[in-house]
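Listing of start-v1.txt; format and content: compact mmCIF, C-alpha atoms and all ligand atoms.
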```txt
# COMPACT_ATOMS: atom_id res chain seq x y z
CA MET A 1 117.58 86.51 72.61
CA ASN A 2 120.27 89.06 73.47
CA TRP A 3 120.88 90.50 70.01
CA ALA A 4 123.77 92.76 71.04
CA ALA A 5 125.59 89.79 72.57
CA ALA A 6 124.92 87.77 69.41
CA ARG A 7 126.45 90.57 67.32
CA ASP A 8 129.51 90.81 69.56
CA ALA A 9 130.00 87.06 69.24
CA MET A 10 129.58 87.24 65.45
CA VAL A 11 132.28 89.91 65.21
CA ARG A 12 134.62 88.10 67.56
CA ASP A 13 134.22 84.55 66.23
CA GLN A 14 133.54 85.06 62.52
CA LEU A 15 135.35 88.29 61.63
CA GLU A 16 138.27 88.99 63.97
CA THR A 17 139.49 85.40 63.60
CA ARG A 18 139.47 85.75 59.79
CA HIS A 19 141.61 88.84 59.23
CA ILE A 20 138.88 91.46 59.41
CA CYS A 21 140.81 94.12 61.31
CA ASP A 22 139.47 97.49 60.10
CA PRO A 23 138.08 98.91 63.37
CA ARG A 24 135.41 100.91 61.55
CA VAL A 25 134.09 97.81 59.76
CA LEU A 26 134.08 95.82 63.02
CA GLN A 27 132.27 98.58 64.87
CA ALA A 28 129.65 99.04 62.12
CA MET A 29 128.91 95.32 62.12
CA ARG A 30 128.67 95.33 65.90
CA SER A 31 126.02 98.04 65.73
CA ILE A 32 123.70 97.24 62.77
CA PRO A 33 120.80 94.96 63.88
CA ARG A 34 121.18 92.25 61.22
CA HIS A 35 118.19 90.29 62.58
CA LEU A 36 115.84 93.06 61.40
CA PHE A 37 116.98 92.49 57.81
CA VAL A 38 115.86 88.85 57.63
CA PRO A 39 112.32 87.38 57.62
CA PRO A 40 110.88 86.94 61.17
CA ASP A 41 111.09 83.12 61.11
CA LEU A 42 114.83 83.30 60.39
CA GLN A 43 115.74 85.97 62.93
CA ARG A 44 117.22 83.51 65.37
CA HIS A 45 119.71 82.47 62.67
CA ALA A 46 120.64 86.04 61.67
CA TYR A 47 124.05 86.04 63.38
CA GLU A 48 125.15 82.62 62.16
CA ASP A 49 128.07 82.15 59.80
CA ARG A 50 126.02 81.87 56.60
CA ALA A 51 123.83 83.54 54.02
CA LEU A 52 120.05 83.40 54.52
CA ALA A 53 117.08 83.52 52.15
CA ILE A 54 115.19 86.83 52.13
CA GLY A 55 112.53 85.95 49.54
CA TYR A 56 112.32 86.53 45.77
CA GLU A 57 115.10 83.89 45.42
CA GLN A 58 117.56 86.38 46.92
CA THR A 59 119.84 86.17 49.95
CA ILE A 60 121.41 88.28 52.67
CA SER A 61 125.16 87.64 52.37
CA GLN A 62 127.17 85.83 55.05
CA PRO A 63 128.48 88.36 57.63
CA TYR A 64 132.11 87.51 56.80
CA MET A 65 131.51 88.19 53.08
CA VAL A 66 129.96 91.60 53.83
CA ALA A 67 132.86 92.49 56.15
CA SER A 68 135.43 91.28 53.69
CA MET A 69 134.03 93.26 50.75
CA LEU A 70 133.64 96.40 52.83
CA GLN A 71 137.14 96.11 54.28
CA TRP A 72 138.54 95.96 50.73
CA LEU A 73 136.80 99.27 49.98
CA GLY A 74 139.04 100.91 52.61
CA LEU A 75 136.51 103.59 53.52
CA LYS A 76 137.45 106.44 55.89
CA GLY A 77 134.10 108.23 56.19
CA HIS A 78 134.13 110.99 53.54
CA GLU A 79 133.26 108.84 50.52
CA LYS A 80 130.38 108.65 48.09
CA VAL A 81 129.62 104.99 47.45
CA LEU A 82 127.54 102.99 44.97
CA GLU A 83 126.15 99.59 45.96
CA ILE A 84 124.62 97.38 43.26
CA GLY A 85 122.14 94.88 44.72
CA THR A 86 120.46 96.30 47.84
CA GLY A 87 118.59 93.07 48.60
CA GLY A 88 117.20 93.47 52.11
CA GLY A 89 119.39 96.50 52.77
CA TYR A 90 121.76 95.05 55.37
CA GLN A 91 125.05 95.83 53.63
CA ALA A 92 123.65 99.24 52.65
CA ALA A 93 123.02 100.01 56.33
CA VAL A 94 126.57 98.97 57.25
CA LEU A 95 127.90 101.11 54.38
CA GLY A 96 125.90 104.03 55.75
CA GLN A 97 128.10 103.92 58.86
CA LEU A 98 131.33 103.72 56.87
CA ALA A 99 130.81 106.40 54.22
CA ARG A 100 129.30 109.87 53.82
CA GLN A 101 126.73 109.04 51.16
CA VAL A 102 125.48 105.78 49.67
CA PHE A 103 123.42 105.11 46.55
CA SER A 104 122.11 101.56 46.40
CA LEU A 105 120.40 100.05 43.35
CA GLU A 106 117.94 97.17 43.51
CA ILE A 107 116.30 95.67 40.45
CA ILE A 108 113.39 93.96 42.29
CA PRO A 109 110.94 96.78 43.12
CA GLU A 110 109.41 95.02 46.14
CA LEU A 111 112.82 94.45 47.75
CA ALA A 112 113.82 98.06 47.03
CA ARG A 113 110.62 99.29 48.67
CA ARG A 114 111.05 97.08 51.73
CA SER A 115 114.65 98.02 52.34
CA ARG A 116 113.92 101.70 51.76
CA GLU A 117 111.23 101.52 54.47
CA LEU A 118 113.42 99.61 56.91
CA LEU A 119 116.35 101.99 56.49
CA GLN A 120 113.97 104.86 57.13
CA THR A 121 112.66 103.18 60.29
CA LEU A 122 116.24 102.72 61.50
CA GLN A 123 116.91 106.39 60.72
CA VAL A 124 119.64 105.63 58.25
CA THR A 125 119.49 108.94 56.40
CA ASN A 126 122.61 108.84 54.19
CA VAL A 127 121.57 105.79 52.13
CA GLN A 128 119.34 106.27 49.11
CA VAL A 129 117.77 103.13 47.63
CA VAL A 130 117.09 103.46 43.91
CA THR A 131 114.82 101.00 42.11
CA GLY A 132 116.40 99.91 38.85
CA ASP A 133 119.00 97.97 36.92
CA GLY A 134 122.48 98.71 38.27
CA SER A 135 124.36 96.33 35.97
CA GLY A 136 125.73 99.38 34.12
CA GLY A 137 126.33 101.32 37.35
CA TYR A 138 124.46 104.53 38.10
CA PRO A 139 125.97 107.26 35.92
CA ALA A 140 123.53 109.88 37.25
CA GLU A 141 125.48 110.25 40.51
CA SER A 142 128.97 109.23 39.34
CA PRO A 143 131.86 109.39 40.01
CA TYR A 144 132.07 107.25 43.16
CA ASP A 145 134.96 106.77 45.58
CA ALA A 146 133.88 103.16 45.92
CA ILE A 147 131.55 100.72 44.13
CA VAL A 148 130.51 97.37 45.58
CA VAL A 149 128.50 94.78 43.67
CA ALA A 150 126.54 92.20 45.68
CA ALA A 151 125.74 89.86 42.76
CA ALA A 152 127.98 87.67 40.59
CA SER A 153 129.04 89.63 37.52
CA PRO A 154 130.43 88.47 34.16
CA GLU A 155 133.40 90.88 34.43
CA ALA A 156 134.72 94.05 36.03
CA SER A 157 133.35 96.16 33.18
CA SER A 158 134.88 99.41 31.99
CA ARG A 159 131.39 100.84 32.30
CA LEU A 160 131.68 100.46 36.10
CA LYS A 161 135.40 101.23 36.32
CA ASN A 162 134.87 104.54 34.55
CA GLN A 163 132.41 105.58 37.26
CA LEU A 164 135.23 105.53 39.86
CA THR A 165 137.13 108.60 41.06
CA ASP A 166 140.92 108.53 40.74
CA GLY A 167 142.12 106.22 43.52
CA GLY A 168 138.62 104.75 43.82
CA ARG A 169 137.92 101.07 44.44
CA LEU A 170 135.52 98.58 42.87
CA VAL A 171 134.84 95.32 44.73
CA LEU A 172 132.79 92.61 43.04
CA PRO A 173 132.33 88.87 42.64
CA VAL A 174 133.30 87.91 39.07
CA ASN A 175 131.94 84.67 37.66
CA ASP A 176 133.82 83.73 34.49
CA GLY A 177 131.57 80.73 33.91
CA SER A 178 133.56 78.21 35.92
CA GLU A 179 134.08 79.88 39.29
CA CYS A 180 133.17 83.00 41.22
CA VAL A 181 136.11 85.02 42.52
CA LEU A 182 136.11 88.12 44.70
CA THR A 183 137.81 90.82 42.63
CA VAL A 184 139.21 94.19 43.72
CA VAL A 185 139.91 96.94 41.16
CA THR A 186 141.76 100.14 42.08
CA ARG A 187 141.78 103.13 39.72
CA ASN A 188 145.07 104.91 39.23
CA GLY A 189 144.46 107.65 36.65
CA THR A 190 143.73 105.82 33.43
CA HIS A 191 145.17 102.56 34.76
CA PHE A 192 143.11 99.96 36.61
CA ASP A 193 144.88 97.54 38.91
CA GLU A 194 142.86 94.33 39.21
CA LYS A 195 143.45 91.69 41.87
CA ARG A 196 141.63 88.42 42.41
CA TYR A 197 141.07 87.06 45.88
CA GLY A 198 139.20 84.03 47.25
CA ARG A 199 136.32 82.04 45.84
CA CYS A 200 132.84 83.23 46.75
CA ALA A 201 129.17 82.46 46.12
CA PHE A 202 126.61 85.06 45.00
CA VAL A 203 123.28 85.20 43.21
CA PRO A 204 123.74 86.21 39.56
CA LEU A 205 123.68 89.84 38.47
CA ARG A 206 120.64 90.41 36.29
CA GLY A 207 119.82 93.24 33.91
CA LEU A 208 121.29 94.56 30.69
CA TYR A 209 124.97 93.88 31.53
CA GLY A 210 124.36 90.97 33.88
CA VAL A 211 124.75 87.23 33.42
CA ALA A 212 121.14 86.17 33.84
CA SER A 213 119.36 88.00 31.05
CA ASP A 214 115.77 89.06 31.72
CA SER A 215 114.92 89.28 28.04
N1 LIG B 301 123.56 93.37 49.76
C1 LIG B 301 122.48 92.48 50.13
C2 LIG B 301 122.55 91.16 49.42
C3 LIG B 301 122.09 91.30 48.05
S1 LIG B 301 121.74 89.84 47.17
C4 LIG B 301 122.44 92.30 51.63
O1 LIG B 301 123.21 92.87 52.34
O2 LIG B 301 121.56 91.59 52.08
C5 LIG B 301 121.85 90.50 45.56
C6 LIG B 301 120.77 91.48 45.17
O3 LIG B 301 121.14 91.99 43.90
C7 LIG B 301 119.39 90.87 44.98
O4 LIG B 301 118.46 91.54 45.78
C8 LIG B 301 119.11 91.08 43.49
O5 LIG B 301 117.75 91.35 43.21
C9 LIG B 301 119.97 92.28 43.18
N2 LIG B 301 120.32 92.46 41.78
C10 LIG B 301 120.63 91.50 40.87
N3 LIG B 301 120.91 92.08 39.69
C11 LIG B 301 120.77 93.42 39.85
C12 LIG B 301 120.92 94.54 38.98
N4 LIG B 301 121.27 94.41 37.70
N5 LIG B 301 120.70 95.78 39.49
C13 LIG B 301 120.34 95.95 40.80
N6 LIG B 301 120.19 94.92 41.66
C14 LIG B 301 120.40 93.67 41.19
```
Produce structure tokens that represent the structure in this file.
Amino acid sequence: MNWAAARDAMVRDQLETRHICDPRVLQAMRSIPRHLFVPPDLQRHAYEDRALAIGYEQTISQPYMVASMLQWLGLKGHEKVLEIGTGGGYQAAVLGQLARQVFSLEIIPELARRSRELLQTLQVTNVQVVTGDGSGGYPAESPYDAIVVAAASPEASSRLKNQLTDGGRLVLPVNDGSECVLTVVTRNGTHFDEKRYGRCAFVPLRGLYGVASDS
């Protein structure tokens, strides 16, 4: 399998044809070896237009969904970013190419450990994987220029919004109980502009402020 050719085809056929035009996002997705972030028996499907199971009932998001969320963040390269839901670490690795510094929270310790190791192997040095519940953000390192949530959340909470810098962006799937909608929040001083985009499908956000309570 020619992985680089598979990545080029993924970018050309799944992203460029669907309004992903940020050259930095396209380049990052051309370079990160997505097949290394999926279980060995699924590697040959890694560049297909769909999400894949990564164990622990979790998934690696569809390439288009990753690109779409990251394009909405509008990163230039100088930002500090928070990701909630590391999973296998794929989106975190892409983020590492788009921003200066990335903190990524994962609630399942085994997944956090695995992605931390993989990112280290790939010499991704500006992404720090933190084991823990990110449903309330990660105040310890706030504020962030951008926050991206990779699990369906009950709302765009003020808890998260208040961890944004002025002008900062929060991108997350919001599930109001009937449907899951990709939502983009931009901070403007004390005002938060909230826009809803297309339907999407994500595993539920767990933890204290999540939808699927662990208690
Ligand atoms: N970004 C990943 C996909 C993540 S799937 C990728 O690129 O492959 C969503 C992940 O969110 C799962 O691994 C799940 O365990 C994690 N998650 C769910 N609730 C969480 C919470 N409250 N805090 C941190 N991680 C959470």
(message) Given all atoms listed in the file as the basis, pick out the residue of A:Ala201, A:Ala5, A:Leu75, A:Val81 nearest to Val25 of chain A.
(response)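 Of all the options, A:Leu75 lies closest to Val25 of chain A.
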(request) Around ligand LIG 301 (chain B), at most 8 Å away and counting all atoms listed in the file, which residues are there? Put them as an MDAnalysis selection string, please. (result) chainID A and resid 37 54 56 58:61 66 83:92 105:108 111 131:136 149:151 202:210
Using C-alpha atoms, can you export the residues from the last selection as an mmCIF file, in the coordinates of the input?
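Output below, filename part30.cif:
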```
data_model
loop_
_atom_site.group_PDB
_atom_site.id
_atom_site.type_symbol
_atom_site.label_atom_id
_atom_site.label_comp_id
_atom_site.auth_asym_id
_atom_site.auth_seq_id
_atom_site.Cartn_x
_atom_site.Cartn_y
_atom_site.Cartn_z
ATOM 1 C CA PHE A 37 116.980 92.490 57.810
ATOM 2 C CA ILE A 54 115.190 86.830 52.130
ATOM 3 C CA TYR A 56 112.320 86.530 45.770
ATOM 4 C CA GLN A 58 117.560 86.380 46.920
ATOM 5 C CA THR A 59 119.840 86.170 49.950
ATOM 6 C CA ILE A 60 121.410 88.280 52.670
ATOM 7 C CA SER A 61 125.160 87.640 52.370
ATOM 8 C CA VAL A 66 129.960 91.600 53.830
ATOM 9 C CA GLU A 83 126.150 99.590 45.960
ATOM 10 C CA ILE A 84 124.620 97.380 43.260
ATOM 11 C CA GLY A 85 122.140 94.880 44.720
ATOM 12 C CA THR A 86 120.460 96.300 47.840
ATOM 13 C CA GLY A 87 118.590 93.070 48.600
ATOM 14 C CA GLY A 88 117.200 93.470 52.110
ATOM 15 C CA GLY A 89 119.390 96.500 52.770
ATOM 16 C CA TYR A 90 121.760 95.050 55.370
ATOM 17 C CA GLN A 91 125.050 95.830 53.630
ATOM 18 C CA ALA A 92 123.650 99.240 52.650
ATOM 19 C CA LEU A 105 120.400 100.050 43.350
ATOM 20 C CA GLU A 106 117.940 97.170 43.510
ATOM 21 C CA ILE A 107 116.300 95.670 40.450
ATOM 22 C CA ILE A 108 113.390 93.960 42.290
ATOM 23 C CA LEU A 111 112.820 94.450 47.750
ATOM 24 C CA THR A 131 114.820 101.000 42.110
ATOM 25 C CA GLY A 132 116.400 99.910 38.850
ATOM 26 C CA ASP A 133 119.000 97.970 36.920
ATOM 27 C CA GLY A 134 122.480 98.710 38.270
ATOM 28 C CA SER A 135 124.360 96.330 35.970
ATOM 29 C CA GLY A 136 125.730 99.380 34.120
ATOM 30 C CA VAL A 149 128.500 94.780 43.670
ATOM 31 C CA ALA A 150 126.540 92.200 45.680
ATOM 32 C CA ALA A 151 125.740 89.860 42.760
ATOM 33 C CA PHE A 202 126.610 85.060 45.000
ATOM 34 C CA VAL A 203 123.280 85.200 43.210
ATOM 35 C CA PRO A 204 123.740 86.210 39.560
ATOM 36 C CA LEU A 205 123.680 89.840 38.470
ATOM 37 C CA ARG A 206 120.640 90.410 36.290
ATOM 38 C CA GLY A 207 119.820 93.240 33.910
ATOM 39 C CA LEU A 208 121.290 94.560 30.690
ATOM 40 C CA TYR A 209 124.970 93.880 31.530
ATOM 41 C CA GLY A 210 124.360 90.970 33.880
#
```
(request) Tell me, in Å to one decimal, how far atom CA of Gln101 of chain A is from atom CA of Ile147 of chain A. (result)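 For atom CA of Gln101 of chain A relative to atom CA of Ile147 of chain A, the distance reads 11.9 Å.
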(request) List every protein, DNA or RNA residue that has an atom no more than 6 Å from (127.1, 95.0, 66.7) in the file's coordinate frame, counting all atoms listed in the file, and report them as a PyMOL selection string. (result) chain A and resi 4+7-8+29-32
Writing out the chosen residues with C-alpha atoms as a PDB file, in the frame of the given file:
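Below is the file selection-v4.pdb, written as the result:
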```
ATOM      1  CA  ALA A   4     123.770  92.760  71.040  1.00  0.00           C
ATOM      2  CA  ARG A   7     126.450  90.570  67.320  1.00  0.00           C
ATOM      3  CA  ASP A   8     129.510  90.810  69.560  1.00  0.00           C
ATOM      4  CA  MET A  29     128.910  95.320  62.120  1.00  0.00           C
ATOM      5  CA  ARG A  30     128.670  95.330  65.900  1.00  0.00           C
ATOM      6  CA  SER A  31     126.020  98.040  65.730  1.00  0.00           C
ATOM      7  CA  ILE A  32     123.700  97.240  62.770  1.00  0.00           C
TER       8      ILE A  32
END
```
(request) Can you work out which one of A:Arg196, A:Glu16, A:Val102, A:Asn2 has the shortest atom-to-atom distance to Tyr47 of chain A, counting all atoms listed in the file? (result)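 Looking at the shortest contact to Tyr47 of chain A, the residue is A:Asn2.
Residue nearest Val148 of chain A, chosen from A:Gln27, A:Gln123, A:Gln71, A:Gln97 and counting all atoms listed in the file: A:Gln71.
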(message) Set the distance at 6 Å and use all atoms listed in the file: which residues neighbour segment 166-173 of chain A once local chain neighbours fewer than 5 positions away are removed? I'd like the list as a ChimeraX atom specification.
(response) /A:73,145-149,152,181-189
Same residues, C-alpha atoms, output as a short mmCIF file (atom, residue, chain, number, x, y, z; two decimals), in the coordinates of the input:
```cif
data_model
loop_
_atom_site.label_atom_id
_atom_site.label_comp_id
_atom_site.auth_asym_id
_atom_site.auth_seq_id
_atom_site.Cartn_x
_atom_site.Cartn_y
_atom_site.Cartn_z
CA LEU A 73 136.80 99.27 49.98
CA ASP A 145 134.96 106.77 45.58
CA ALA A 146 133.88 103.16 45.92
CA ILE A 147 131.55 100.72 44.13
CA VAL A 148 130.51 97.37 45.58
CA VAL A 149 128.50 94.78 43.67
CA ALA A 152 127.98 87.67 40.59
CA VAL A 181 136.11 85.02 42.52
CA LEU A 182 136.11 88.12 44.70
CA THR A 183 137.81 90.82 42.63
CA VAL A 184 139.21 94.19 43.72
CA VAL A 185 139.91 96.94 41.16
CA THR A 186 141.76 100.14 42.08
CA ARG A 187 141.78 103.13 39.72
CA ASN A 188 145.07 104.91 39.23
CA GLY A 189 144.46 107.65 36.65
#
```
(message) Considering only C-alpha atoms, can you say which of A:Ala51, A:Leu122, A:Ala46, A:Cys21 comes closest to Met1 of chain A?
(response) A:Ala46
(message) Nearest residue to Gly55 of chain A out of A:Leu119, A:Ala67, A:Ala99, A:Val38, using all atoms listed in the file?
(response)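 The shortest atom-to-atom distance to Gly55 of chain A comes from A:Val38.
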(request) For atom CA of His35 of chain A and atom CA of Arg199 of chain A, quote the distance in Å rounded to one decimal. (result)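 We find that atom CA of His35 of chain A and atom CA of Arg199 of chain A lie 26.0 Å from each other.
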(request) Check the smallest atom-to-atom distance from each of A:Arg12, A:Glu79, A:Trp72, A:Lys195 to Asp49 of chain A using all atoms listed in the file, then report the winner. (result)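 Among the listed residues, the smallest separation from Asp49 of chain A belongs to A:Arg12.
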(request) Find the distance between atom CA of His191 of chain A and atom CA of Leu164 of chain A and write it in Å to one decimal. (result)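 Between these atoms lies a distance of 11.6 Å.
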